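Structure file my_file_3.cif with mmCIF, C-alpha atoms and all ligand atoms:
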data_input
loop_
_atom_site.group_PDB
_atom_site.id
_atom_site.type_symbol
_atom_site.label_atom_id
_atom_site.label_comp_id
_atom_site.auth_asym_id
_atom_site.auth_seq_id
_atom_site.Cartn_x
_atom_site.Cartn_y
_atom_site.Cartn_z
ATOM 1 C CA MET A 1 126.467 -10.369 87.784
ATOM 2 C CA THR A 2 124.468 -10.584 84.539
ATOM 3 C CA ALA A 3 121.239 -9.885 86.422
ATOM 4 C CA TYR A 4 122.879 -6.911 88.122
ATOM 5 C CA LEU A 5 124.075 -5.477 84.791
ATOM 6 C CA ALA A 6 120.643 -6.034 83.271
ATOM 7 C CA ARG A 7 119.038 -4.164 86.176
ATOM 8 C CA VAL A 8 121.482 -1.265 85.805
ATOM 9 C CA THR A 9 120.807 -1.088 82.059
ATOM 10 C CA ILE A 10 117.052 -1.090 82.583
ATOM 11 C CA CYS A 11 117.371 1.650 85.193
ATOM 12 C CA CYS A 12 119.471 3.735 82.828
ATOM 13 C CA ILE A 13 117.006 3.351 79.974
ATOM 14 C CA PHE A 14 114.166 4.159 82.363
ATOM 15 C CA ALA A 15 115.930 7.266 83.657
ATOM 16 C CA GLU A 16 116.691 8.342 80.102
ATOM 17 C CA ASN A 17 113.082 8.007 79.077
ATOM 18 C CA ILE A 18 111.718 9.648 82.180
ATOM 19 C CA SER A 19 113.813 12.762 81.818
ATOM 20 C CA GLN A 20 113.968 12.647 77.989
ATOM 21 C CA LEU A 21 117.575 13.573 78.497
ATOM 22 C CA LYS A 22 119.966 13.933 75.629
ATOM 23 C CA THR A 23 122.868 14.599 77.945
ATOM 24 C CA ALA A 24 125.372 13.344 75.407
ATOM 25 C CA ARG A 25 124.761 16.267 73.087
ATOM 26 C CA TYR A 26 126.068 18.708 75.719
ATOM 27 C CA LEU A 27 129.267 16.722 75.995
ATOM 28 C CA GLN A 28 129.524 16.434 72.228
ATOM 29 C CA THR A 29 129.976 20.211 71.962
ATOM 30 C CA LEU A 30 133.437 19.554 73.411
ATOM 31 C CA GLY A 31 134.168 17.177 70.548
ATOM 32 C CA SER A 32 135.167 17.640 66.935
ATOM 33 C CA PHE A 33 134.118 20.426 64.554
ATOM 34 C CA ARG A 34 131.332 18.254 63.135
ATOM 35 C CA ASN A 35 130.004 17.131 66.504
ATOM 36 C CA TYR A 36 130.106 20.673 67.815
ATOM 37 C CA TYR A 37 127.861 22.120 65.102
ATOM 38 C CA ARG A 38 125.534 19.146 65.084
ATOM 39 C CA SER A 39 125.012 19.322 68.865
ATOM 40 C CA MET A 40 124.847 23.109 69.008
ATOM 41 C CA LYS A 41 122.082 23.127 66.437
ATOM 42 C CA GLU A 42 120.055 20.740 68.572
ATOM 43 C CA ILE A 43 120.756 22.607 71.790
ATOM 44 C CA LEU A 44 119.813 25.973 70.310
ATOM 45 C CA VAL A 45 116.589 24.607 68.859
ATOM 46 C CA THR A 46 115.767 22.995 72.218
ATOM 47 C CA ALA A 47 116.598 26.203 74.068
ATOM 48 C CA PHE A 48 114.789 28.682 71.840
ATOM 49 C CA GLY A 49 112.253 26.574 69.971
ATOM 50 C CA ARG A 50 113.668 27.448 66.545
ATOM 51 C CA LEU A 51 116.898 27.853 64.602
ATOM 52 C CA GLN A 52 119.297 30.567 65.745
ATOM 53 C CA MET A 53 122.194 32.286 64.046
ATOM 54 C CA LEU A 54 125.516 30.725 65.004
ATOM 55 C CA HIS A 55 127.436 33.741 66.267
ATOM 56 C CA TYR A 56 127.894 35.697 69.478
ATOM 57 C CA PRO A 57 125.359 38.317 70.582
ATOM 58 C CA PHE A 58 126.106 42.051 70.181
ATOM 59 C CA TYR A 59 124.820 44.466 72.820
ATOM 60 C CA LEU A 60 122.849 47.544 71.829
ATOM 61 C CA LYS A 61 120.448 48.082 74.687
ATOM 62 C CA GLU A 62 119.050 46.379 77.763
ATOM 63 C CA ASP A 63 116.350 43.735 77.720
ATOM 64 C CA GLU A 64 117.081 42.373 74.257
ATOM 65 C CA THR A 65 116.657 38.719 73.448
ATOM 66 C CA PHE A 66 119.549 36.511 72.311
ATOM 67 C CA GLU A 67 118.076 36.551 68.805
ATOM 68 C CA GLU A 68 117.897 40.358 68.683
ATOM 69 C CA ARG A 69 121.485 40.643 69.846
ATOM 70 C CA GLN A 70 122.625 38.251 67.145
ATOM 71 C CA GLN A 71 120.764 40.326 64.564
ATOM 72 C CA ASN A 72 122.416 43.459 66.004
ATOM 73 C CA LEU A 73 125.777 42.089 64.907
ATOM 74 C CA ILE A 74 124.622 41.675 61.310
ATOM 75 C CA ASP A 75 123.029 45.145 61.374
ATOM 76 C CA HIS A 76 126.252 46.596 62.722
ATOM 77 C CA CYS A 77 128.303 44.945 59.953
ATOM 78 C CA LEU A 78 125.953 46.078 57.224
ATOM 79 C CA SER A 79 125.900 49.647 58.542
ATOM 80 C CA TYR A 80 129.305 49.907 56.827
ATOM 81 C CA ILE A 81 127.856 49.091 53.425
ATOM 82 C CA GLY A 82 124.793 51.256 52.824
ATOM 83 C CA ASP A 83 122.131 50.274 50.328
ATOM 84 C CA LEU A 84 122.352 46.628 49.265
ATOM 85 C CA LYS A 85 119.550 46.658 46.702
ATOM 86 C CA GLU A 86 121.827 46.577 43.653
ATOM 87 C CA LYS A 87 124.504 44.411 45.244
ATOM 88 C CA ASN A 88 125.465 40.749 45.041
ATOM 89 C CA LEU A 89 126.428 39.535 48.470
ATOM 90 C CA LEU A 90 128.453 36.447 49.289
ATOM 91 C CA GLU A 91 128.441 35.087 52.813
ATOM 92 C CA VAL A 92 131.468 32.884 53.403
ATOM 93 C CA GLY A 93 130.793 30.340 56.155
ATOM 94 C CA CYS A 94 127.046 30.944 56.105
ATOM 95 C CA GLY A 95 126.188 28.236 58.670
ATOM 96 C CA ASN A 96 122.497 27.364 58.759
ATOM 97 C CA GLY A 97 121.604 30.208 56.379
ATOM 98 C CA LEU A 98 119.818 32.418 58.912
ATOM 99 C CA ASN A 99 122.138 35.390 58.304
ATOM 100 C CA CYS A 100 121.403 35.246 54.557
ATOM 101 C CA HIS A 101 117.693 34.965 55.230
ATOM 102 C CA TYR A 102 117.790 37.901 57.646
ATOM 103 C CA ILE A 103 119.788 40.064 55.210
ATOM 104 C CA HIS A 104 117.396 39.221 52.395
ATOM 105 C CA THR A 105 114.301 40.021 54.457
ATOM 106 C CA ARG A 106 115.640 43.149 56.118
ATOM 107 C CA TYR A 107 117.946 44.618 53.457
ATOM 108 C CA GLY A 108 116.848 43.018 50.191
ATOM 109 C CA ALA A 109 120.194 42.514 48.450
ATOM 110 C CA LYS A 110 119.999 41.868 44.697
ATOM 111 C CA SER A 111 121.281 38.339 45.191
ATOM 112 C CA ILE A 112 122.746 36.440 48.097
ATOM 113 C CA THR A 113 125.007 33.397 47.943
ATOM 114 C CA GLY A 114 125.929 31.501 51.073
ATOM 115 C CA ILE A 115 128.781 29.027 51.003
ATOM 116 C CA ASP A 116 129.901 26.649 53.737
ATOM 117 C CA ILE A 117 131.907 23.427 54.051
ATOM 118 C CA SER A 118 129.425 21.845 56.436
ATOM 119 C CA LYS A 119 126.942 19.763 54.489
ATOM 120 C CA GLU A 120 124.727 19.470 57.543
ATOM 121 C CA ASN A 121 124.478 23.235 57.972
ATOM 122 C CA LEU A 122 123.849 23.656 54.252
ATOM 123 C CA ASP A 123 121.063 21.081 54.267
ATOM 124 C CA ILE A 124 119.273 23.158 56.898
ATOM 125 C CA ALA A 125 119.953 26.375 54.972
ATOM 126 C CA LYS A 126 118.626 24.939 51.712
ATOM 127 C CA LYS A 127 115.582 23.399 53.306
ATOM 128 C CA HIS A 128 114.498 26.547 55.146
ATOM 129 C CA PHE A 129 115.869 29.553 53.332
ATOM 130 C CA GLU A 130 116.705 28.917 49.678
ATOM 131 C CA ASN A 131 114.632 30.945 47.214
ATOM 132 C CA SER A 132 115.039 32.795 43.928
ATOM 133 C CA ASN A 133 117.289 35.413 45.604
ATOM 134 C CA ILE A 134 119.226 33.209 47.990
ATOM 135 C CA ARG A 135 121.266 30.163 47.034
ATOM 136 C CA PHE A 136 123.513 27.966 49.119
ATOM 137 C CA ILE A 137 126.539 26.087 47.805
ATOM 138 C CA GLU A 138 128.990 23.692 49.383
ATOM 139 C CA ASP A 139 132.408 25.286 48.959
ATOM 140 C CA ASN A 140 135.563 26.028 50.885
ATOM 141 C CA ALA A 141 136.470 29.604 51.819
ATOM 142 C CA GLN A 142 140.069 28.893 50.824
ATOM 143 C CA GLU A 143 139.054 27.864 47.290
ATOM 144 C CA LEU A 144 135.665 29.351 46.371
ATOM 145 C CA VAL A 145 135.583 27.131 43.287
ATOM 146 C CA HIS A 146 131.955 27.996 42.546
ATOM 147 C CA ILE A 147 132.390 31.758 42.644
ATOM 148 C CA PRO A 148 133.527 33.410 39.393
ATOM 149 C CA ASP A 149 136.234 36.106 39.252
ATOM 150 C CA ARG A 150 135.093 39.674 40.019
ATOM 151 C CA SER A 151 131.478 38.656 40.557
ATOM 152 C CA VAL A 152 130.776 39.830 44.113
ATOM 153 C CA ASP A 153 130.016 43.331 45.464
ATOM 154 C CA VAL A 154 130.027 42.482 49.172
ATOM 155 C CA ILE A 155 131.766 39.612 50.954
ATOM 156 C CA LEU A 156 130.627 38.935 54.483
ATOM 157 C CA SER A 157 132.218 36.405 56.815
ATOM 158 C CA VAL A 158 130.946 36.202 60.371
ATOM 159 C CA GLU A 159 132.810 34.118 62.950
ATOM 160 C CA SER A 160 133.994 31.635 60.381
ATOM 161 C CA ALA A 161 137.551 32.628 59.448
ATOM 162 C CA PHE A 162 139.083 31.279 62.686
ATOM 163 C CA HIS A 163 138.270 27.838 61.261
ATOM 164 C CA TYR A 164 140.446 28.322 58.138
ATOM 165 C CA PRO A 165 143.962 26.912 58.488
ATOM 166 C CA ASP A 166 145.128 28.877 55.436
ATOM 167 C CA LYS A 167 143.733 32.376 55.839
ATOM 168 C CA ASN A 168 146.076 33.710 53.189
ATOM 169 C CA ALA A 169 144.274 31.487 50.663
ATOM 170 C CA PHE A 170 140.985 32.988 51.848
ATOM 171 C CA PHE A 171 142.291 36.512 51.226
ATOM 172 C CA ARG A 172 143.554 35.414 47.812
ATOM 173 C CA GLN A 173 140.007 34.317 46.995
ATOM 174 C CA ILE A 174 138.571 37.588 48.280
ATOM 175 C CA LYS A 175 140.902 39.405 45.909
ATOM 176 C CA ARG A 176 139.839 37.200 43.004
ATOM 177 C CA VAL A 177 136.052 37.220 43.415
ATOM 178 C CA LEU A 178 135.582 40.825 44.536
ATOM 179 C CA ARG A 179 134.459 43.263 41.853
ATOM 180 C CA PRO A 180 136.405 46.506 41.421
ATOM 181 C CA GLY A 181 134.883 48.784 44.060
ATOM 182 C CA GLY A 182 133.591 45.789 46.020
ATOM 183 C CA VAL A 183 134.044 45.510 49.781
ATOM 184 C CA PHE A 184 134.601 42.784 52.338
ATOM 185 C CA LEU A 185 133.585 42.555 55.973
ATOM 186 C CA ILE A 186 135.150 39.966 58.190
ATOM 187 C CA VAL A 187 134.163 39.492 61.798
ATOM 188 C CA ASP A 188 136.511 37.113 63.547
ATOM 189 C CA ILE A 189 137.824 36.047 66.923
ATOM 190 C CA VAL A 190 141.521 36.885 66.831
ATOM 191 C CA ARG A 191 144.366 36.091 69.183
ATOM 192 C CA PHE A 192 145.878 38.694 71.473
ATOM 193 C CA PRO A 193 149.298 39.696 70.177
ATOM 194 C CA GLY A 194 151.810 37.268 71.610
ATOM 195 C CA ASP A 195 149.268 34.584 72.537
ATOM 196 C CA THR A 196 150.888 31.468 71.122
ATOM 197 C CA GLU A 197 147.959 29.108 71.744
ATOM 198 C CA ARG A 198 150.302 26.334 72.697
ATOM 199 C CA TYR A 199 147.817 24.853 75.174
ATOM 200 C CA PHE A 200 145.172 22.334 74.084
ATOM 201 C CA TRP A 201 146.466 22.486 70.492
ATOM 202 C CA PHE A 202 145.298 18.931 69.818
ATOM 203 C CA TRP A 203 141.744 19.684 70.943
ATOM 204 C CA LYS A 204 141.721 22.950 69.003
ATOM 205 C CA LYS A 205 142.837 21.171 65.867
ATOM 206 C CA SER A 206 139.978 18.666 66.117
ATOM 207 C CA LYS A 207 137.629 21.643 66.414
ATOM 208 C CA MET A 208 139.370 23.341 63.491
ATOM 209 C CA MET A 209 140.331 26.428 65.466
ATOM 210 C CA TYR A 210 143.161 28.398 63.913
ATOM 211 C CA HIS A 211 142.965 31.890 65.370
ATOM 212 C CA ALA A 212 145.161 34.491 63.707
ATOM 213 C CA ASP A 213 146.310 37.689 65.358
ATOM 214 C CA GLU A 214 145.775 41.183 64.033
ATOM 215 C CA THR A 215 149.263 41.489 62.579
ATOM 216 C CA GLU A 216 148.715 38.343 60.561
ATOM 217 C CA TYR A 217 145.439 39.762 59.318
ATOM 218 C CA HIS A 218 147.268 42.839 58.065
ATOM 219 C CA GLN A 219 149.837 40.649 56.327
ATOM 220 C CA TYR A 220 147.189 38.552 54.569
ATOM 221 C CA SER A 221 145.404 41.670 53.439
ATOM 222 C CA SER A 222 148.364 43.697 52.178
ATOM 223 C CA GLY A 223 150.023 40.577 50.732
ATOM 224 C CA ASN A 224 147.028 40.193 48.430
ATOM 225 C CA ASN A 225 146.785 43.880 47.566
ATOM 226 C CA LEU A 226 143.710 44.440 49.685
ATOM 227 C CA VAL A 227 143.337 47.252 52.221
ATOM 228 C CA PHE A 228 141.465 47.637 55.465
ATOM 229 C CA LYS A 229 139.449 50.854 55.331
ATOM 230 C CA HIS A 230 138.398 50.380 58.896
ATOM 231 C CA LYS A 231 138.801 47.952 61.747
ATOM 232 C CA GLU A 232 136.873 47.858 64.959
ATOM 233 C CA ASN A 233 137.311 46.022 68.238
ATOM 234 C CA LEU A 234 133.846 44.765 69.181
ATOM 235 C CA THR A 235 134.950 42.772 72.237
ATOM 236 C CA ASP A 236 133.199 44.927 74.856
ATOM 237 C CA ARG A 237 129.921 44.927 72.971
ATOM 238 C CA ILE A 238 130.086 41.164 72.581
ATOM 239 C CA ILE A 239 130.838 40.586 76.255
ATOM 240 C CA ARG A 240 127.914 42.850 77.149
ATOM 241 C CA GLY A 241 125.852 40.929 74.617
ATOM 242 C CA TYR A 242 125.706 38.122 77.157
ATOM 243 C CA GLU A 243 124.122 40.350 79.805
ATOM 244 C CA GLY A 244 120.831 38.894 80.933
ATOM 245 C CA HIS A 245 121.591 35.451 79.549
ATOM 246 C CA ILE A 246 120.206 33.872 82.739
ATOM 247 C CA SER A 247 116.707 34.833 81.642
ATOM 248 C CA TRP A 248 117.062 33.694 78.021
ATOM 249 C CA ILE A 249 116.118 30.097 78.772
ATOM 250 C CA SER A 250 112.527 29.750 79.819
ATOM 251 C CA GLY A 251 111.272 26.906 81.999
ATOM 252 C CA GLN A 252 107.979 26.670 80.142
ATOM 253 C CA ASN A 253 107.093 23.247 78.749
ATOM 254 C CA ARG A 254 110.254 21.627 80.110
ATOM 255 C CA ASN A 255 110.784 19.176 82.858
ATOM 256 C CA LEU A 256 112.917 20.480 85.686
ATOM 257 C CA PHE A 257 115.910 18.315 84.890
ATOM 258 C CA ASN A 258 116.140 19.370 81.247
ATOM 259 C CA TYR A 259 115.649 22.974 82.249
ATOM 260 C CA MET A 260 118.504 22.780 84.756
ATOM 261 C CA MET A 261 120.783 21.085 82.225
ATOM 262 C CA LEU A 262 120.081 23.744 79.633
ATOM 263 C CA LYS A 263 120.666 26.550 82.111
ATOM 264 C CA LEU A 264 123.888 25.006 83.351
ATOM 265 C CA PHE A 265 125.131 24.509 79.799
ATOM 266 C CA THR A 266 124.297 28.119 78.895
ATOM 267 C CA ILE A 267 126.066 29.492 81.952
ATOM 268 C CA LEU A 268 129.198 27.420 81.316
ATOM 269 C CA GLN A 269 129.246 28.282 77.620
ATOM 270 C CA VAL A 270 128.857 31.995 78.311
ATOM 271 C CA ARG A 271 131.534 31.917 81.022
ATOM 272 C CA PHE A 272 133.918 30.163 78.663
ATOM 273 C CA ASN A 273 133.316 32.587 75.787
ATOM 274 C CA VAL A 274 133.616 35.645 78.016
ATOM 275 C CA ALA A 275 136.731 34.336 79.777
ATOM 276 C CA GLN A 276 138.390 33.798 76.401
ATOM 277 C CA LEU A 277 137.517 37.320 75.297
ATOM 278 C CA ARG A 278 138.929 38.709 78.535
ATOM 279 C CA SER A 279 142.123 36.711 78.606
ATOM 280 C CA SER A 280 143.430 35.843 75.158
ATOM 281 C CA LYS A 281 141.103 36.788 72.283
ATOM 282 C CA GLN A 282 139.507 39.874 70.787
ATOM 283 C CA TYR A 283 136.424 40.111 68.651
ATOM 284 C CA MET A 284 137.406 42.129 65.599
ATOM 285 C CA LEU A 285 135.702 43.549 62.549
ATOM 286 C CA PHE A 286 137.761 44.185 59.411
ATOM 287 C CA TYR A 287 136.206 46.227 56.630
ATOM 288 C CA GLY A 288 138.103 46.676 53.390
ATOM 289 C CA GLY A 289 138.400 46.478 49.644
ATOM 290 C CA HIS A 290 140.909 46.399 46.805
ATOM 291 C CA GLY A 291 144.188 48.235 47.210
ATOM 292 C CA GLU A 292 145.612 50.623 44.648
ATOM 293 C CA ALA A 293 145.809 49.084 41.161
HETATM 294 C C1 LIG A 301 130.398 29.902 64.000
HETATM 295 S S1 LIG A 301 129.678 29.363 62.498
HETATM 296 C C2 LIG A 301 129.055 30.916 61.891
HETATM 297 C C3 LIG A 301 127.953 30.728 60.896
HETATM 298 C C4 LIG A 301 127.335 32.012 60.386
HETATM 299 N N1 LIG A 301 128.320 32.852 59.743
HETATM 300 C C5 LIG A 301 126.657 32.767 61.481
HETATM 301 O O1 LIG A 301 127.102 33.873 61.798
HETATM 302 O O2 LIG A 301 125.642 32.294 61.992
HETATM 303 C C6 LIG A 301 131.087 29.051 61.433
HETATM 304 C C7 LIG A 301 130.732 28.432 60.105
HETATM 305 O O3 LIG A 301 131.902 28.453 59.271
HETATM 306 C C8 LIG A 301 131.893 27.252 58.510
HETATM 307 N N2 LIG A 301 133.246 26.966 57.980
HETATM 308 C C9 LIG A 301 134.306 26.538 58.674
HETATM 309 N N3 LIG A 301 135.375 26.355 57.864
HETATM 310 C C10 LIG A 301 134.973 26.692 56.622
HETATM 311 C C11 LIG A 301 135.621 26.762 55.355
HETATM 312 N N4 LIG A 301 136.909 26.424 55.208
HETATM 313 N N5 LIG A 301 134.906 27.164 54.296
HETATM 314 C C12 LIG A 301 133.607 27.519 54.429
HETATM 315 N N6 LIG A 301 132.940 27.503 55.607
HETATM 316 C C13 LIG A 301 133.604 27.104 56.691
HETATM 317 C C14 LIG A 301 131.374 26.219 59.487
HETATM 318 O O4 LIG A 301 130.948 25.060 58.832
HETATM 319 C C15 LIG A 301 130.268 26.985 60.189
HETATM 320 O O5 LIG A 301 129.050 26.827 59.534
#

Written as structure tokens, that's how I'd like the structure from this file.
Amino acid sequence: MTAYLARVTICCIFAENISQLKTARYLQTLGSFRNYYRSMKEILVTAFGRLQMLHYPFYLKEDETFEERQQNLIDHCLSYIGDLKEKNLLEVGCGNGLNCHYIHTRYGAKSITGIDISKENLDIAKKHFENSNIRFIEDNAQELVHIPDRSVDVILSVESAFHYPDKNAFFRQIKRVLRPGGVFLIVDIVRFPGDTERYFWFWKKSKMMYHADETEYHQYSSGNNLVFKHKENLTDRIIRGYEGHISWISGQNRNLFNYMMLKLFTILQVRFNVAQLRSSKQYMLFYGGHGEA
């Protein structure tokens, strides 16, 4: 029996080394909030050879790469704002810092602050993208303890708010830190009206998923004397953003097994995201500012 187990173990180690498989990281994306981001970072770097933004792709035209479609989303958001040169921008839930870096390089805001609760994401952001115009701070969107009152011209939050259990507290902070005349842009995955999310609640909690619906968004906003100047349903553009995803993963410099695993993972992930957007969620943009004094 012992010899048999030893042989099995050796075979497993051999197989692992031969294929250089890190199969576990695919499964870990199903796990907790922390495991998800840790594994996704690795998978994205393996798939594309470098860091990627951590949000869905936004379709503009055919034959774009995943990276271009992610940048499209940021461009689309910032098209609401106009010139950023004299503005202080705060990204809430900045992830690995790529959005801040992209905004700095492409739009040159006066200063950019990225905050996030994930130390691991912030370590990457600081290591790669911190400079005299961009700083990254560990903070919670529901508290913003490091951001002074009325200090921010533009607040941007991309695909982060669905993680906040207390979104009203987030809106309270927006109200506090936003300068008079300042604006906020929130892109979030929201529930269809009436979708109660009663299924898989335990799993969703471990992944910190607390989707609000649009009505709740309006309540949080008006309850804190903020107004939406515009809201936009981006769902179709996001679903189309996944067009061509089959060709995003190249087989170059990969062994066949790893290539197949990566492809399979991508296809399943895309199917899952698209199915959610077709059945129970919408991808919304909320653009607003202070209400009447
Ligand atoms: C899907 S990622 C999006 C990252 C980035 N905005 C982007 O577009 O690439 C969501 C991010 O929100 C962060 N986050 C979740 N809850 C948070 C909270 N309460 N306060 C600040 N950041 C939070 C996560 O750690 C993660 O980095």

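Distance-wise, atom CA of Ser157 of chain A and atom CA of Gly97 of chain A end up 12.3 Å apart.
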
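Taking atom C8 of ligand LIG 301 (chain A) and atom CA of Asn225 of chain A as the two end points, the separation is 24.9 Å.
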
Show me, as JSON, the centre and edge lengths in Å to one decimal of the axis-aligned box that covers every listed atom of ligand LIG 301 (chain A) with 5 Å on each side.
{"center_x": 131.3, "center_y": 29.5, "center_z": 59.1, "size_x": 21.3, "size_y": 18.8, "size_z": 19.7}

Counting all atoms listed in the file, which residues in chain A sit no more than 9 Å from ligand LIG 301 (chain A)? For each one, give the nearest pair of atoms and the distance in Å, sorted by chain then residue number, as JSON lines.
{"residue": "A:Phe33", "atom": "CA", "partner": "A:LIG301", "partner_atom": "O4", "distance": 8.0}
{"residue": "A:Arg34", "atom": "CA", "partner": "A:LIG301", "partner_atom": "O4", "distance": 8.1}
{"residue": "A:Tyr37", "atom": "CA", "partner": "A:LIG301", "partner_atom": "C15", "distance": 7.3}
{"residue": "A:Gln52", "atom": "CA", "partner": "A:LIG301", "partner_atom": "O2", "distance": 7.6}
{"residue": "A:Met53", "atom": "CA", "partner": "A:LIG301", "partner_atom": "O2", "distance": 4.0}
{"residue": "A:Leu54", "atom": "CA", "partner": "A:LIG301", "partner_atom": "O2", "distance": 3.4}
{"residue": "A:His55", "atom": "CA", "partner": "A:LIG301", "partner_atom": "O1", "distance": 4.5}
{"residue": "A:Tyr56", "atom": "CA", "partner": "A:LIG301", "partner_atom": "O1", "distance": 7.9}
{"residue": "A:Gln70", "atom": "CA", "partner": "A:LIG301", "partner_atom": "O1", "distance": 8.2}
{"residue": "A:Leu73", "atom": "CA", "partner": "A:LIG301", "partner_atom": "O1", "distance": 8.9}
{"residue": "A:Ile74", "atom": "CA", "partner": "A:LIG301", "partner_atom": "O1", "distance": 8.2}
{"residue": "A:Glu91", "atom": "CA", "partner": "A:LIG301", "partner_atom": "N1", "distance": 7.3}
{"residue": "A:Val92", "atom": "CA", "partner": "A:LIG301", "partner_atom": "C12", "distance": 5.9}
{"residue": "A:Gly93", "atom": "CA", "partner": "A:LIG301", "partner_atom": "N6", "distance": 3.6}
{"residue": "A:Cys94", "atom": "CA", "partner": "A:LIG301", "partner_atom": "N1", "distance": 4.3}
{"residue": "A:Gly95", "atom": "CA", "partner": "A:LIG301", "partner_atom": "O5", "distance": 3.3}
{"residue": "A:Asn96", "atom": "CA", "partner": "A:LIG301", "partner_atom": "O5", "distance": 6.6}
{"residue": "A:Gly97", "atom": "CA", "partner": "A:LIG301", "partner_atom": "C4", "distance": 7.2}
{"residue": "A:Leu98", "atom": "CA", "partner": "A:LIG301", "partner_atom": "O2", "distance": 6.6}
{"residue": "A:Asn99", "atom": "CA", "partner": "A:LIG301", "partner_atom": "O2", "distance": 6.0}
{"residue": "A:Cys100", "atom": "CA", "partner": "A:LIG301", "partner_atom": "C4", "distance": 8.9}
{"residue": "A:Ile115", "atom": "CA", "partner": "A:LIG301", "partner_atom": "C12", "distance": 6.1}
{"residue": "A:Asp116", "atom": "CA", "partner": "A:LIG301", "partner_atom": "N6", "distance": 3.7}
{"residue": "A:Ile117", "atom": "CA", "partner": "A:LIG301", "partner_atom": "C12", "distance": 4.4}
{"residue": "A:Ser118", "atom": "CA", "partner": "A:LIG301", "partner_atom": "O4", "distance": 4.3}
{"residue": "A:Lys119", "atom": "CA", "partner": "A:LIG301", "partner_atom": "O4", "distance": 7.9}
{"residue": "A:Glu120", "atom": "CA", "partner": "A:LIG301", "partner_atom": "O4", "distance": 8.5}
{"residue": "A:Asn121", "atom": "CA", "partner": "A:LIG301", "partner_atom": "O5", "distance": 6.0}
{"residue": "A:Leu122", "atom": "CA", "partner": "A:LIG301", "partner_atom": "O5", "distance": 8.1}
{"residue": "A:Glu138", "atom": "CA", "partner": "A:LIG301", "partner_atom": "C12", "distance": 7.8}
{"residue": "A:Asp139", "atom": "CA", "partner": "A:LIG301", "partner_atom": "C12", "distance": 6.0}
{"residue": "A:Asn140", "atom": "CA", "partner": "A:LIG301", "partner_atom": "N5", "distance": 3.7}
{"residue": "A:Ala141", "atom": "CA", "partner": "A:LIG301", "partner_atom": "N5", "distance": 3.8}
{"residue": "A:Gln142", "atom": "CA", "partner": "A:LIG301", "partner_atom": "N4", "distance": 5.9}
{"residue": "A:Glu143", "atom": "CA", "partner": "A:LIG301", "partner_atom": "N5", "distance": 8.2}
{"residue": "A:Leu144", "atom": "CA", "partner": "A:LIG301", "partner_atom": "N5", "distance": 8.3}
{"residue": "A:Leu156", "atom": "CA", "partner": "A:LIG301", "partner_atom": "N1", "distance": 8.4}
{"residue": "A:Ser157", "atom": "CA", "partner": "A:LIG301", "partner_atom": "N1", "distance": 6.0}
{"residue": "A:Val158", "atom": "CA", "partner": "A:LIG301", "partner_atom": "N1", "distance": 4.3}
{"residue": "A:Glu159", "atom": "CA", "partner": "A:LIG301", "partner_atom": "C1", "distance": 5.0}
{"residue": "A:Ser160", "atom": "CA", "partner": "A:LIG301", "partner_atom": "O3", "distance": 4.0}
{"residue": "A:Ala161", "atom": "CA", "partner": "A:LIG301", "partner_atom": "N3", "distance": 6.8}
{"residue": "A:Phe162", "atom": "CA", "partner": "A:LIG301", "partner_atom": "N3", "distance": 7.8}
{"residue": "A:His163", "atom": "CA", "partner": "A:LIG301", "partner_atom": "N3", "distance": 4.7}
{"residue": "A:Tyr164", "atom": "CA", "partner": "A:LIG301", "partner_atom": "N4", "distance": 5.0}
{"residue": "A:Pro165", "atom": "CA", "partner": "A:LIG301", "partner_atom": "N4", "distance": 7.8}
{"residue": "A:Asp166", "atom": "CA", "partner": "A:LIG301", "partner_atom": "N4", "distance": 8.6}
{"residue": "A:Phe170", "atom": "CA", "partner": "A:LIG301", "partner_atom": "N4", "distance": 8.4}
{"residue": "A:Met208", "atom": "CA", "partner": "A:LIG301", "partner_atom": "N3", "distance": 7.5}

For this file, the PyMOL selection byres (((chain A and resi 236) around 12) and not hetatm) selects which residues, as a compact mmCIF listing (two decimals) with C-alpha atoms, in the coordinates of the input?
# COMPACT_ATOMS: atom_id res chain seq x y z
CA TYR A 56 127.89 35.70 69.48
CA PRO A 57 125.36 38.32 70.58
CA PHE A 58 126.11 42.05 70.18
CA TYR A 59 124.82 44.47 72.82
CA LEU A 60 122.85 47.54 71.83
CA GLU A 232 136.87 47.86 64.96
CA ASN A 233 137.31 46.02 68.24
CA LEU A 234 133.85 44.76 69.18
CA THR A 235 134.95 42.77 72.24
CA ARG A 237 129.92 44.93 72.97
CA ILE A 238 130.09 41.16 72.58
CA ILE A 239 130.84 40.59 76.26
CA ARG A 240 127.91 42.85 77.15
CA GLY A 241 125.85 40.93 74.62
CA TYR A 242 125.71 38.12 77.16
CA GLU A 243 124.12 40.35 79.81
CA VAL A 274 133.62 35.65 78.02
CA LEU A 277 137.52 37.32 75.30
CA ARG A 278 138.93 38.71 78.54
CA LYS A 281 141.10 36.79 72.28
CA GLN A 282 139.51 39.87 70.79
CA TYR A 283 136.42 40.11 68.65
CA MET A 284 137.41 42.13 65.60

What does the distance between atom CA of Arg150 of chain A and atom CA of Ala125 of chain A come to in Å, to one decimal place?
25.1 Å

Can you translate the PyMOL selection byres (((chain A and resi 178) around 9) and not hetatm) into the concrete residues it hits in this file, as a PyMOL selection string?
chain A and resi 149-155+173-177+179-184+289-290

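Using all atoms listed in the file, the nearest neighbour of Leu27 of chain A within the list A:Ser132, A:Ser279, A:Gln269, A:Thr46 is A:Gln269.
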
Can you write out as JSON lines which residues of segment 208-248 of chain A fall within 12 Å of segment 254-262 of chain A, alongside each residue's closest atom pair and its distance in Å to one decimal, counting all atoms listed in the file and ordering rows by chain and ascending residue number?
{"residue": "A:His245", "atom": "CA", "partner": "A:Leu262", "partner_atom": "CA", "distance": 11.8}
{"residue": "A:Ile246", "atom": "CA", "partner": "A:Leu262", "partner_atom": "CA", "distance": 10.6}
{"residue": "A:Ser247", "atom": "CA", "partner": "A:Leu262", "partner_atom": "CA", "distance": 11.8}
{"residue": "A:Trp248", "atom": "CA", "partner": "A:Leu262", "partner_atom": "CA", "distance": 10.5}
